[in-house]
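Scroll down for the structure; my scribbles are underneath it.
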Amino acid sequence: MNLNDLPEDEYFTSGHTACPGCVAPIIVRNMMKILGKNTVVYTPANCLLVFGGTYPYIAWKVPYFHEAFENTGSSISGAARAFKKKRKDVTVVGIAGDGGTYDIGIQALSGAAERNEDVIYVCYDNEAYMNTGIQRSGSTPYGASTTTTPPGKKIPGKLEHKKDMAEIMRAHEVPYVATMSVSHIADFLRKVEKAKKIKGFRYLHVFSPCPTGWRFDPSKSIEIARKAVDSGMWTLYEAEYGEIMDIYKPKKKIPVEEYIKGQGRFRHFTPEMIEELQKWVDKKWERLYGEKP
Amino acid sequence: MYEFRFHGRGGQGGRMAAEALALAAFLEGKYAVSFPFFGAERRGAPVRAFTRIDDKKIRTKTQIYEPDAVIVLDESLLETEDVLEGLKDDGVIIINTQRKPEEIELSREVRCATVDATSIALDVLGKAITNTAILGAIAKATGEVGIDSIEKAIIEKFGARLGKEAGEKNAKAARVAYESTVVGKSKGGKQFEPKPQWLPTVDELPLGGSIGTMETYAGLVGIGSFIENKTGGWRVFMPVVNDDKCIGCKICWFYCPEAAIKMVDKGAKTKKAVINYDYCKGCGICANECPTKAISMEREVKA
Amino acid sequence: MPDKGHKYGEGGESMIQKLEAKKMVITGDHAAAYAALLADVEVVAAYPITPQTLIVEDFATFVDDGITDAEFIMVESEHSAMSAVIGSEAAGARSFTATSSQGLALMHEMLPIASGLHLPIVMPVVNRTVAAPIGIWCEYNDMMPQRDTGWMQMYSEDNQEVLDMVIMGYKIAENHDVLLPIMMGLDAFILSHTVEPVEAPSSDEVADFLPPYKPIAVLDPDNPMAIGTFTPPEYIQELRYQTHRCMKNARKVIYDVTKEFASKFGRNYHGLIEEYETDDAEVILITMGTVTGTARDVVDAYRKQGKKVGLIKLRFFRPFPAEELRKALQNAEVIGVFDRAVSYGVGGPAWIDVKSALYGFDKPVLNFLAGIGGRDIVRGDVEKMFDIMLDAKNGKAKKEIVWINTRGVEE
C-alpha cells in the first residue's frame with residue numbers, strides 16, 4: 001500500500017486534544033485507516049485515553065473501551081475470545097504507551113502473547129510516562145531528563161539504558177512482531193497491512209516522539225523520528241514466529257549526537273554521556289545486524 | 001479576600017504565575033492560596049489557574065466563581081470565551097496585548113489594564129514566556145500585592161527552577177511590565193454565544209455512561225463527537241499552502257495529527273493540500289515535512 | 001512464513017450435548033463449574049488458586065472434552081482474569097470466573113470497573129483467609145473488604161445452593177433493572193472440597209429459566225459505542241447514583257428470581273434471608289455460610305429443651321436486607337450476629353451492618369467472632385453463642401463482642 005491507496009476515512013476524528021505535534025494521533029489515525037471500520041479499540045490509561053475522549057465527547061468512530069492501566073493484554077484477550085465464540089470477524093486492537101507496555105502492563109502482555117491471542121497489540125513509545133507528567137519508564141533512554149530523573153548535582157539523569165521491549169516480544173515467538181516509525185511511511189503502511197492479515201498475536205511497536213516531554217519544537221516530530229532510525233537509536237524490523245524476516249538499515253548511519261541535538265531532555269549531556277549512549281547504540285547495531293557499525 | 005482567575009493555554013505558565021502571586025502575598029505577611037484548574041488539559045488547550053489572598057487564614061476550599069481580577073495571558077482567548085464571566089462589577093481585567101484598554105471589546109465595560117507582556121518577555125528574556133511579566137501588571141492594576149514582593153517571589157520561585165540569573169531577569173520583566181501597564185476602561189457589548197453543556201439527569205444518562213452517538217440539546221455527544229471541539233484556537237502560527245509548489249504528494253495529509261488536511265481537486269494536474277483551520281493547532285509538521293517547501297508557517301493575526 | 005507455532009483458532013469438532021437432569025455427589029467447586037456449564041457461559045477466564053482450582057480444572061475439562069464450545073482463557077493472573085471477563089462481557093458474551101483469597105485481593109482494582117460498567121459477571125469466591133499470615137482455610141476476610149465495589153455478594157450454605165445460585169446469579173445480574181456483577185461465597189474446604197449430593201437440572205430446564213444475555217451496551221462495529229471513557233465530575237456523581245439504585249433494585253429482583261426458581265425447581269431460598277424457627281423466638285442468631293447448617297441442628301435441639309431460639313441465614317450481604325431484618329427481628333429479645341471476619345478495632349462486618357439496620361431497636365445485638373482463619377466451628381461453639389444470648393435475655397450479658405474459642409480471651 002502507498003499513500004494513494006490509503007483510505008480517506010478517518011476513524012479517529014479531528015477535535016481531539018493531543019498537544020500540537022504529538023505523534024500518537026498520526027500513528028492512530030493512519031493505522032485505523034488500514035484496520036478499518038470492523039475494529040474494536042482498547043486503550044489503557046495513557047495520553048490517548050484522555051486526548052481521545054473526555055466524556056461525553058469521543059474522537060473514536062469505532063467501538064472503543066477502557067478498563068485500567070496494566071491489563072491491555074488481558075482486556076483485549078477477553079473481547080477477542082467473545083468475538084471468536086460468537087463467530088464475529090472483528091479485529092481487536094489494544095493501543096498502549098510505553099509505561100503500559102514495558103512496565104506495569106508487561107505481565108498481561110506476555111500472557112496474551114504466550115497464549116497467542118488473536119489480537120493486535122500496539123505500543124506507541126514516547127519513552128516516558130507523558131500522561132502523568134513525564135516520569136521515567138523502562139523505555140526512557142540513558143541519561144534522559146524526566147521529572148523523576150532530573151539531571152541533579154549528583155545523578156545526571158536516567159542511569160539505565162532503554163529496555164529492548166520488541167526483542168522481549170520476539171522471544172515470545174508470536175506470529176508477528178514489527179518495529180515501526182511514521183518517518184518511514186511505506187514501511188509503516190506495509191507492516192500495518194500485514195499485521196491486519198495475520199491471525200494470532202501481533203505486536204506493533206511504534207516510535208512516538210513527544211514534543212512536550214522531550215522538549216523540542218513540535219514541527220520537528222517526524223524529523224526526530226527519522227533521525228532516531230538513522231542513528232540506530234530505533235531500528236525498524238519485523239519478525240515472524242521469533243525470526244527476523246526483514247530489517248531496515250539506514251543508508252548512512254548518523255552519530256547519536258546528531259539525534260539528541262535539539263531535544264531538551266538531552267541538553268545536559270556531557271561528551272562522556274554521549275559516548276555511553278553511542279556505545280549502547282553500537283552494541284545494539286552489532287547484535288541486530290551481525291556486523292560492526 | 002481578593003480572588004484572581006488566570007486564563008492561559010497549557011504550557012504558558014499560568015499556574016506558575018498564580019503560584020508566584022500567592023508567594024508574593026505571603027512574603028507581605030498575608031495568607032494566600034493558589035490552585036490550578038483540576039483537569040488533564042494538554043499543551044495549547046485553554047486552561048485556568050486561581051489565587052486567593054486575604055489577611056487571615058483562608059479556609060474555604062471551593063473553586064473561584066466571582067473573581068475580583070481576571071488575568072488573560074493569551075489574547076486569542078478573548079475571542080472564544082467570555083473571560084469576564086463572574087467578574088465582580090468593580091473588578092479588573094488584565095490582558096497581555098499590544099492594544100490599549102479602550103480598544104479591547106469585551107462583554108461588559110469594565111476596568112481594564114493592558115500590557116505588552118510578549119514584547120517585554122522577548123526583550124528582557126529573549127523568549128515569549130509571559131507569565132512573569134504579567135505579574136508586574138497585576139501589581140499595578142490591583143494594588144493587592146506590591147511590585148517589590150512580586151520581584152522577590154519571582155526570584156525565589158523561578159530562580160529555584162531556572163537559576164539565579166534567570167530569576168533576576170524574570171523579576172526585571174515584571175518590573176518593566178509594572179512601569180508600562182496602562183489602566184483604563186474596556187469597551188463592552190461583545191456578544192458570546194453561551195456554549196450549552198449536556199447535563200443529563202440520572203435517568204437521561206446512559207447506564208454506566210456507555211454511549212453510542214447521541215444528538216442532544218448541547219449538540220452531538222458520544223462516538224465521533226469530538227469533531228465538535230474546534231482546536232483551531234490553539235494555533236499561534238498558521239500553515240499556508242502555496243498551490244504553485246504543492247505537488248499533491250499527500251505527505252502532509254498523512255502527517256497531520258489533527259486530520260485537518262484534505263487533498264482537493266482544484267482543476268490542476270494534481271490535487272492540492274487544503275488546511276482546515278477549525279482544527280489545525282499550528283504544530284508545523286506539514287511545513288517541516290513538505291518535500292517542495294510548499295507550506296510556510298505564518299504568524300497568525302487574530303480578528 | 002515459517003511453519004511454527006499453533007495455528008490460531010483450530011479446534012476439534014464441537015461435541016456440545018444436552019445435559020440431562022441428574023443427582024450427583026460432588027464438591028462445591030464441581031457444583032460451581034457444572035452450574036457455569038448449565039448456564040451456557042460463553043467465556044471463562046480464570047487463574048488457579050487453592051481451594052478454587054477444582055472449578056478451573058473442571059471447566060477446562062468440559063472445554064477440552066467438547067461438552068461446551070465456550071472460550072476458556074487460562075490467564076496469567078487474577079487481575080487478568082477479571083480484566084478478560086470484563087472485556088468479554090463488554091463484547092456481549094456471558095462470562096464467568098472464580099477465585100479465592102489473595103486472588104480476589106489482586107482483582108480488587110478491577111471489581112468496581114466491572115460494576116461501574118454494569119457488566120453482569122458471575123464469580124464464585126471460595127472464601128479463604130487473606131494473608132498475613134498465609135493460610136488456605138476458610139475466612140470471610142477476602143470477600144468482606146469488597147463490600148463497596150458495587151458487586152452483589154451472597155454466601156452459600158451447601159453445595160446445592162452453590163449450584164443453584166450460579167444459575168440464579170446470572171438471572172439476577174442480567175436483569176436490566178440490576179445489571180451488576182455478583183460474587184457468591186462458598187466456604188473453603190467445608191464446601192469447596194466436600195462431596196455431598198446435589199441435584200442438577202437439565203440444560204433444557206436451565207435454558208428455559210435463563211434466557212440468553214441481552215446486553216444494553218456492547219462493543220459492536222455495526223453500532224459503535226464507547227465503554228469506560230475518561231469522565232469528569234459533571235457525570236460521575238449521576239453514574240454512582242445509578243449503581244446505587246441498581247443495587248437497591250436488586251432486592252426485588254432477587255425475591256422474584258428465587259420465587260420463580262422455587263416454582264420451577266422446587267427449592268426455595270426465600271430471597272435475601274431465610275428465617276428458621278423465628279416465629280416465637282426470643283433469641284435469634286444471624287448466620288452466614290456453612291455454620292448455618294450446624295446452627296439449624298442446635299436450634300432443633302434447644303427447641304426440644306423448650307428454649308425459644310431461632311436463626312436467620314443472611315444469604316445476601318449486598319444488597320443488604322435491612323428492612324427484612326427489622327421485620328424478622330422485631331419480636332426477638334436478644335439478637336446475635338455471627339461473623340467470620342473482623343473489622344479491626346470495631347467488630348464483625350455483618351454485625352456492624354446489622355446494628356446499623358436495627359437503629360432504634362432497644363435490645364442487645366451481640367457479635368460472635370468464630371471460625372477465623374479456618375478454625376472449625378463445632379456444635380459446642382454454636383451452643384455457646386445461644387447460651388450467651390439466653391444469658392443476655394436474663395440480663396446477664398457480659399460483652400457485646402465475643403471472640404468464641406479464642407485462647408486467652410474471655411468469652
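If you're wondering about the labels, chains in the C-alpha cells are A, B, ... by order shown, residues count from 1 in each chain, ligands from 1 in order shown.
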Backbone DSSP call of alpha helix (DSSP H) for region 120-279 of chain A, listed as a ChimeraX atom specification
/A:165-170,185-197,211-214,221-231,256-260,271-279
Export, as an mmCIF file, in the first residue's frame, the selected residues with C-alpha atoms.
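Wrote result.cif, looks like this:
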data_model
loop_
_atom_site.group_PDB
_atom_site.id
_atom_site.type_symbol
_atom_site.label_atom_id
_atom_site.label_comp_id
_atom_site.auth_asym_id
_atom_site.auth_seq_id
_atom_site.Cartn_x
_atom_site.Cartn_y
_atom_site.Cartn_z
ATOM 1 C CA MET A 165 10.822 -4.494 24.518
ATOM 2 C CA ALA A 166 10.485 -5.578 20.887
ATOM 3 C CA GLU A 167 13.153 -8.215 21.455
ATOM 4 C CA ILE A 168 11.319 -9.433 24.546
ATOM 5 C CA MET A 169 8.213 -9.809 22.402
ATOM 6 C CA ARG A 170 10.187 -11.510 19.643
ATOM 7 C CA ILE A 185 5.672 5.847 5.636
ATOM 8 C CA ALA A 186 5.792 2.935 3.195
ATOM 9 C CA ASP A 187 7.316 0.634 5.800
ATOM 10 C CA PHE A 188 4.690 1.743 8.334
ATOM 11 C CA LEU A 189 1.773 1.122 5.985
ATOM 12 C CA ARG A 190 3.109 -2.223 4.828
ATOM 13 C CA LYS A 191 3.519 -3.506 8.367
ATOM 14 C CA VAL A 192 0.037 -2.459 9.487
ATOM 15 C CA GLU A 193 -1.451 -4.041 6.391
ATOM 16 C CA LYS A 194 0.490 -7.226 7.001
ATOM 17 C CA ALA A 195 -0.462 -7.334 10.674
ATOM 18 C CA LYS A 196 -4.122 -6.994 9.748
ATOM 19 C CA LYS A 197 -3.956 -10.120 7.594
ATOM 20 C CA PRO A 211 7.463 17.454 21.760
ATOM 21 C CA THR A 212 6.205 18.266 25.259
ATOM 22 C CA GLY A 213 8.096 15.571 27.110
ATOM 23 C CA TRP A 214 11.273 15.589 25.046
ATOM 24 C CA SER A 221 8.435 15.421 15.467
ATOM 25 C CA ILE A 222 8.932 13.492 12.239
ATOM 26 C CA GLU A 223 12.444 14.791 11.683
ATOM 27 C CA ILE A 224 13.423 13.447 15.106
ATOM 28 C CA ALA A 225 11.729 10.114 14.427
ATOM 29 C CA ARG A 226 13.751 9.880 11.205
ATOM 30 C CA LYS A 227 16.990 10.698 12.996
ATOM 31 C CA ALA A 228 16.221 8.031 15.592
ATOM 32 C CA VAL A 229 16.157 5.456 12.804
ATOM 33 C CA ASP A 230 19.179 6.876 11.008
ATOM 34 C CA SER A 231 21.251 6.884 14.185
ATOM 35 C CA VAL A 256 23.667 9.788 18.238
ATOM 36 C CA GLU A 257 24.946 13.273 18.921
ATOM 37 C CA GLU A 258 23.052 14.401 15.871
ATOM 38 C CA TYR A 259 19.895 12.675 17.088
ATOM 39 C CA ILE A 260 19.931 14.141 20.593
ATOM 40 C CA PRO A 271 30.804 14.143 25.967
ATOM 41 C CA GLU A 272 31.085 11.101 28.255
ATOM 42 C CA MET A 273 27.342 10.654 28.302
ATOM 43 C CA ILE A 274 27.150 10.933 24.520
ATOM 44 C CA GLU A 275 29.854 8.284 24.304
ATOM 45 C CA GLU A 276 27.953 6.000 26.660
ATOM 46 C CA LEU A 277 24.805 6.317 24.549
ATOM 47 C CA GLN A 278 26.777 5.789 21.340
ATOM 48 C CA LYS A 279 28.325 2.623 22.792
#
Compute the set of chain B residues within 12 Å of chain C, using only C-alpha atoms, and express it as a PDB file with N, CA, C and O atoms, in the first residue's frame.
ATOM      1  N   PHE B  38      -8.578  21.826  37.972  1.00  0.00           N
ATOM      2  CA  PHE B  38      -8.318  20.406  38.188  1.00  0.00           C
ATOM      3  C   PHE B  38      -8.708  19.625  36.940  1.00  0.00           C
ATOM      4  O   PHE B  38      -9.836  19.189  36.805  1.00  0.00           O
ATOM      5  N   GLY B  39      -7.789  19.449  36.039  1.00  0.00           N
ATOM      6  CA  GLY B  39      -8.125  18.719  34.824  1.00  0.00           C
ATOM      7  C   GLY B  39      -6.906  18.055  34.233  1.00  0.00           C
ATOM      8  O   GLY B  39      -5.879  17.904  34.888  1.00  0.00           O
ATOM      9  N   ALA B  40      -7.044  17.632  32.993  1.00  0.00           N
ATOM     10  CA  ALA B  40      -5.952  16.933  32.324  1.00  0.00           C
ATOM     11  C   ALA B  40      -5.696  17.599  30.985  1.00  0.00           C
ATOM     12  O   ALA B  40      -5.502  16.952  29.992  1.00  0.00           O
ATOM     13  N   GLU B  41      -5.720  18.942  30.980  1.00  0.00           N
ATOM     14  CA  GLU B  41      -5.582  19.647  29.713  1.00  0.00           C
ATOM     15  C   GLU B  41      -4.175  19.524  29.143  1.00  0.00           C
ATOM     16  O   GLU B  41      -3.203  19.446  29.876  1.00  0.00           O
ATOM     17  N   GLN B 197     -24.008  23.007  27.770  1.00  0.00           N
ATOM     18  CA  GLN B 197     -23.336  21.801  28.243  1.00  0.00           C
ATOM     19  C   GLN B 197     -24.395  20.735  28.470  1.00  0.00           C
ATOM     20  O   GLN B 197     -25.463  21.016  29.017  1.00  0.00           O
ATOM     21  N   TRP B 198     -24.080  19.536  28.039  1.00  0.00           N
ATOM     22  CA  TRP B 198     -25.021  18.423  28.227  1.00  0.00           C
ATOM     23  C   TRP B 198     -24.955  17.957  29.665  1.00  0.00           C
ATOM     24  O   TRP B 198     -23.937  17.417  30.098  1.00  0.00           O
ATOM     25  N   LEU B 199     -26.028  18.209  30.418  1.00  0.00           N
ATOM     26  CA  LEU B 199     -26.052  17.811  31.824  1.00  0.00           C
ATOM     27  C   LEU B 199     -27.259  16.915  32.073  1.00  0.00           C
ATOM     28  O   LEU B 199     -28.290  17.356  32.577  1.00  0.00           O
ATOM     29  N   PRO B 200     -27.155  15.659  31.683  1.00  0.00           N
ATOM     30  CA  PRO B 200     -28.296  14.744  31.791  1.00  0.00           C
ATOM     31  C   PRO B 200     -28.580  14.369  33.236  1.00  0.00           C
ATOM     32  O   PRO B 200     -27.684  14.360  34.079  1.00  0.00           O
ATOM     33  N   THR B 201     -29.839  14.063  33.497  1.00  0.00           N
ATOM     34  CA  THR B 201     -30.210  13.543  34.813  1.00  0.00           C
ATOM     35  C   THR B 201     -29.806  12.075  34.887  1.00  0.00           C
ATOM     36  O   THR B 201     -29.397  11.477  33.883  1.00  0.00           O
ATOM     37  N   VAL B 202     -29.970  11.503  36.074  1.00  0.00           N
ATOM     38  CA  VAL B 202     -29.647  10.095  36.277  1.00  0.00           C
ATOM     39  C   VAL B 202     -30.358   9.217  35.243  1.00  0.00           C
ATOM     40  O   VAL B 202     -29.781   8.284  34.698  1.00  0.00           O
ATOM     41  N   ASP B 203     -31.617   9.567  34.951  1.00  0.00           N
ATOM     42  CA  ASP B 203     -32.378   8.749  34.011  1.00  0.00           C
ATOM     43  C   ASP B 203     -31.995   9.009  32.562  1.00  0.00           C
ATOM     44  O   ASP B 203     -32.091   8.124  31.723  1.00  0.00           O
ATOM     45  N   GLU B 204     -31.574  10.228  32.279  1.00  0.00           N
ATOM     46  CA  GLU B 204     -31.202  10.557  30.893  1.00  0.00           C
ATOM     47  C   GLU B 204     -29.832  10.004  30.524  1.00  0.00           C
ATOM     48  O   GLU B 204     -29.537   9.740  29.359  1.00  0.00           O
ATOM     49  N   LEU B 205     -28.974   9.860  31.523  1.00  0.00           N
ATOM     50  CA  LEU B 205     -27.609   9.405  31.284  1.00  0.00           C
ATOM     51  C   LEU B 205     -27.624   7.897  30.994  1.00  0.00           C
ATOM     52  O   LEU B 205     -28.195   7.132  31.751  1.00  0.00           O
ATOM     53  N   PRO B 206     -26.999   7.464  29.879  1.00  0.00           N
ATOM     54  CA  PRO B 206     -26.972   6.020  29.618  1.00  0.00           C
ATOM     55  C   PRO B 206     -26.304   5.282  30.784  1.00  0.00           C
ATOM     56  O   PRO B 206     -25.359   5.800  31.385  1.00  0.00           O
ATOM     57  N   LEU B 207     -26.809   4.101  31.092  1.00  0.00           N
ATOM     58  CA  LEU B 207     -26.298   3.337  32.235  1.00  0.00           C
ATOM     59  C   LEU B 207     -24.778   3.139  32.120  1.00  0.00           C
ATOM     60  O   LEU B 207     -24.273   2.716  31.085  1.00  0.00           O
ATOM     61  N   GLY B 208     -24.078   3.460  33.184  1.00  0.00           N
ATOM     62  CA  GLY B 208     -22.627   3.301  33.202  1.00  0.00           C
ATOM     63  C   GLY B 208     -21.900   4.273  32.296  1.00  0.00           C
ATOM     64  O   GLY B 208     -20.682   4.210  32.175  1.00  0.00           O
ATOM     65  N   GLY B 209     -22.635   5.179  31.667  1.00  0.00           N
ATOM     66  CA  GLY B 209     -22.013   6.148  30.771  1.00  0.00           C
ATOM     67  C   GLY B 209     -21.691   5.587  29.396  1.00  0.00           C
ATOM     68  O   GLY B 209     -21.234   6.318  28.525  1.00  0.00           O
ATOM     69  N   SER B 210     -21.920   4.291  29.179  1.00  0.00           N
ATOM     70  CA  SER B 210     -21.620   3.683  27.883  1.00  0.00           C
ATOM     71  C   SER B 210     -22.471   4.370  26.818  1.00  0.00           C
ATOM     72  O   SER B 210     -23.686   4.464  26.962  1.00  0.00           O
ATOM     73  N   ILE B 211     -21.815   4.833  25.775  1.00  0.00           N
ATOM     74  CA  ILE B 211     -22.530   5.751  24.885  1.00  0.00           C
ATOM     75  C   ILE B 211     -22.235   5.464  23.420  1.00  0.00           C
ATOM     76  O   ILE B 211     -21.092   5.173  23.056  1.00  0.00           O
ATOM     77  N   GLY B 212     -23.277   5.517  22.609  1.00  0.00           N
ATOM     78  CA  GLY B 212     -23.101   5.455  21.156  1.00  0.00           C
ATOM     79  C   GLY B 212     -22.999   6.873  20.639  1.00  0.00           C
ATOM     80  O   GLY B 212     -22.301   7.693  21.218  1.00  0.00           O
ATOM     81  N   THR B 213     -23.707   7.206  19.590  1.00  0.00           N
ATOM     82  CA  THR B 213     -23.750   8.590  19.136  1.00  0.00           C
ATOM     83  C   THR B 213     -25.115   9.144  19.493  1.00  0.00           C
ATOM     84  O   THR B 213     -26.133   8.525  19.211  1.00  0.00           O
ATOM     85  N   MET B 214     -25.131  10.290  20.163  1.00  0.00           N
ATOM     86  CA  MET B 214     -26.404  10.880  20.584  1.00  0.00           C
ATOM     87  C   MET B 214     -26.454  12.344  20.197  1.00  0.00           C
ATOM     88  O   MET B 214     -25.484  13.075  20.385  1.00  0.00           O
ATOM     89  N   VAL B 221     -22.968  14.164  21.078  1.00  0.00           N
ATOM     90  CA  VAL B 221     -22.091  13.562  22.090  1.00  0.00           C
ATOM     91  C   VAL B 221     -21.860  12.106  21.718  1.00  0.00           C
ATOM     92  O   VAL B 221     -22.572  11.549  20.886  1.00  0.00           O
ATOM     93  N   GLY B 222     -20.853  11.528  22.347  1.00  0.00           N
ATOM     94  CA  GLY B 222     -20.572  10.105  22.131  1.00  0.00           C
ATOM     95  C   GLY B 222     -19.617   9.871  20.976  1.00  0.00           C
ATOM     96  O   GLY B 222     -18.800  10.729  20.627  1.00  0.00           O
ATOM     97  N   ILE B 223     -19.741   8.694  20.390  1.00  0.00           N
ATOM     98  CA  ILE B 223     -18.836   8.257  19.323  1.00  0.00           C
ATOM     99  C   ILE B 223     -18.697   9.324  18.221  1.00  0.00           C
ATOM    100  O   ILE B 223     -19.698   9.820  17.703  1.00  0.00           O
ATOM    101  N   GLY B 224     -17.458   9.682  17.928  1.00  0.00           N
ATOM    102  CA  GLY B 224     -17.190  10.625  16.834  1.00  0.00           C
ATOM    103  C   GLY B 224     -17.530  12.076  17.133  1.00  0.00           C
ATOM    104  O   GLY B 224     -17.430  12.932  16.255  1.00  0.00           O
ATOM    105  N   SER B 225     -17.915  12.388  18.388  1.00  0.00           N
ATOM    106  CA  SER B 225     -18.418  13.740  18.681  1.00  0.00           C
ATOM    107  C   SER B 225     -17.321  14.763  18.963  1.00  0.00           C
ATOM    108  O   SER B 225     -17.595  15.956  19.055  1.00  0.00           O
TER     109      SER B 225
END
Residue neighbourhood region 114-130 of chain A, 7 Å, only C-alpha atoms, exclusion window fewer than 4 positions, as a PyMOL selection string:
chain A and resi 24+47+76-77+80+91-99+101+110+134-137+139-140+172+174+199-210+213
Please determine the contact residues of chain A with respect to chain B at a cut-off of 6 Å, counting only C-alpha atoms, and supply them as a compact mmCIF listing (two decimals) with all heavy atoms, in the first residue's frame.
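Generated output (iface.txt):
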# COMPACT_ATOMS: atom_id res chain seq x y z
N THR A 13 -11.21 11.15 14.97
CA THR A 13 -11.56 12.43 14.34
C THR A 13 -10.70 13.61 14.81
O THR A 13 -10.03 13.56 15.85
CB THR A 13 -13.02 12.82 14.66
OG1 THR A 13 -13.08 13.17 16.06
CG2 THR A 13 -13.98 11.71 14.36
N SER A 14 -10.80 14.67 14.05
CA SER A 14 -10.28 15.98 14.46
C SER A 14 -11.01 16.39 15.73
O SER A 14 -12.10 15.89 16.02
CB SER A 14 -10.57 17.02 13.39
OG SER A 14 -10.16 16.58 12.13
N GLY A 15 -10.41 17.36 16.44
CA GLY A 15 -11.05 17.86 17.65
C GLY A 15 -10.48 17.23 18.90
O GLY A 15 -10.76 17.66 20.01
N CYS A 19 -1.41 17.34 22.43
CA CYS A 19 -0.56 18.51 22.27
C CYS A 19 -0.23 18.68 20.78
O CYS A 19 -0.13 17.70 20.05
CB CYS A 19 0.78 18.32 23.00
SG CYS A 19 0.66 18.01 24.77
N PRO A 20 -0.02 19.91 20.33
CA PRO A 20 0.40 20.11 18.94
C PRO A 20 1.69 19.33 18.65
O PRO A 20 2.61 19.33 19.46
CB PRO A 20 0.65 21.62 18.86
CG PRO A 20 -0.15 22.21 19.98
CD PRO A 20 -0.16 21.18 21.06
N GLY A 21 1.73 18.67 17.51
CA GLY A 21 2.93 17.94 17.12
C GLY A 21 3.04 16.55 17.71
O GLY A 21 4.05 15.86 17.52
N PRO A 25 -1.48 10.63 17.61
CA PRO A 25 -2.62 10.66 16.68
C PRO A 25 -2.25 10.36 15.24
O PRO A 25 -3.09 9.86 14.49
CB PRO A 25 -3.18 12.08 16.83
CG PRO A 25 -2.18 12.86 17.58
CD PRO A 25 -1.30 11.91 18.33
N ILE A 26 -1.02 10.66 14.86
CA ILE A 26 -0.58 10.34 13.48
C ILE A 26 -0.55 8.81 13.33
O ILE A 26 -1.04 8.26 12.34
CB ILE A 26 0.82 10.92 13.19
CG1 ILE A 26 0.84 12.43 13.41
CG2 ILE A 26 1.27 10.55 11.78
CD1 ILE A 26 2.20 13.08 13.22
N PRO A 56 -18.67 13.79 27.58
CA PRO A 56 -19.27 12.80 26.68
C PRO A 56 -18.72 12.85 25.25
O PRO A 56 -19.35 12.34 24.34
CB PRO A 56 -20.74 13.23 26.68
CG PRO A 56 -20.68 14.73 26.80
CD PRO A 56 -19.45 15.06 27.61
N TYR A 57 -17.55 13.49 25.07
CA TYR A 57 -17.01 13.63 23.71
C TYR A 57 -15.96 12.56 23.42
O TYR A 57 -15.07 12.32 24.25
CB TYR A 57 -16.42 15.04 23.52
CG TYR A 57 -17.46 16.09 23.77
CD1 TYR A 57 -17.44 16.86 24.93
CD2 TYR A 57 -18.52 16.27 22.89
CE1 TYR A 57 -18.42 17.80 25.18
CE2 TYR A 57 -19.51 17.21 23.13
CZ TYR A 57 -19.46 17.97 24.28
OH TYR A 57 -20.45 18.89 24.54
N ILE A 58 -16.06 11.94 22.26
CA ILE A 58 -15.17 10.85 21.90
C ILE A 58 -14.66 11.09 20.48
O ILE A 58 -15.44 11.44 19.59
CB ILE A 58 -15.93 9.49 21.91
CG1 ILE A 58 -16.88 9.37 23.10
CG2 ILE A 58 -14.95 8.32 21.84
CD1 ILE A 58 -16.27 9.16 24.44
N ALA A 59 -13.36 10.91 20.29
CA ALA A 59 -12.80 11.06 18.95
C ALA A 59 -12.95 9.78 18.13
O ALA A 59 -12.89 9.82 16.91
CB ALA A 59 -11.32 11.46 19.04
N TRP A 60 -13.13 8.65 18.82
CA TRP A 60 -13.20 7.36 18.10
C TRP A 60 -14.53 7.22 17.37
O TRP A 60 -15.57 7.62 17.86
CB TRP A 60 -13.05 6.20 19.10
CG TRP A 60 -11.71 6.17 19.72
CD1 TRP A 60 -11.35 6.66 20.94
CD2 TRP A 60 -10.51 5.63 19.15
NE1 TRP A 60 -10.01 6.46 21.16
CE2 TRP A 60 -9.47 5.83 20.08
CE3 TRP A 60 -10.21 4.99 17.94
CZ2 TRP A 60 -8.16 5.43 19.85
CZ3 TRP A 60 -8.91 4.59 17.70
CH2 TRP A 60 -7.90 4.81 18.64
N LYS A 61 -14.45 6.59 16.21
CA LYS A 61 -15.68 6.29 15.47
C LYS A 61 -15.91 4.78 15.38
O LYS A 61 -16.80 4.32 14.69
CB LYS A 61 -15.60 6.92 14.07
CG LYS A 61 -15.63 8.45 14.15
CD LYS A 61 -15.51 9.08 12.80
CE LYS A 61 -16.87 9.25 12.16
NZ LYS A 61 -16.75 10.08 10.93
N PRO A 218 7.50 21.43 18.11
CA PRO A 218 6.52 20.44 17.61
C PRO A 218 6.66 20.13 16.12
O PRO A 218 6.29 19.04 15.68
CB PRO A 218 5.17 21.10 17.88
CG PRO A 218 5.42 22.14 18.91
CD PRO A 218 6.84 22.55 18.81
N SER A 219 7.18 21.07 15.34
CA SER A 219 7.28 20.81 13.90
C SER A 219 8.33 19.75 13.59
O SER A 219 8.39 19.22 12.49
CB SER A 219 7.63 22.11 13.17
OG SER A 219 8.93 22.53 13.54
As a ChimeraX atom specification, please: every residue in region 87-257 of chain A that DSSP puts in strand (DSSP E).
/A:91-97,120-125,176-181,202-207,237-240,243-247
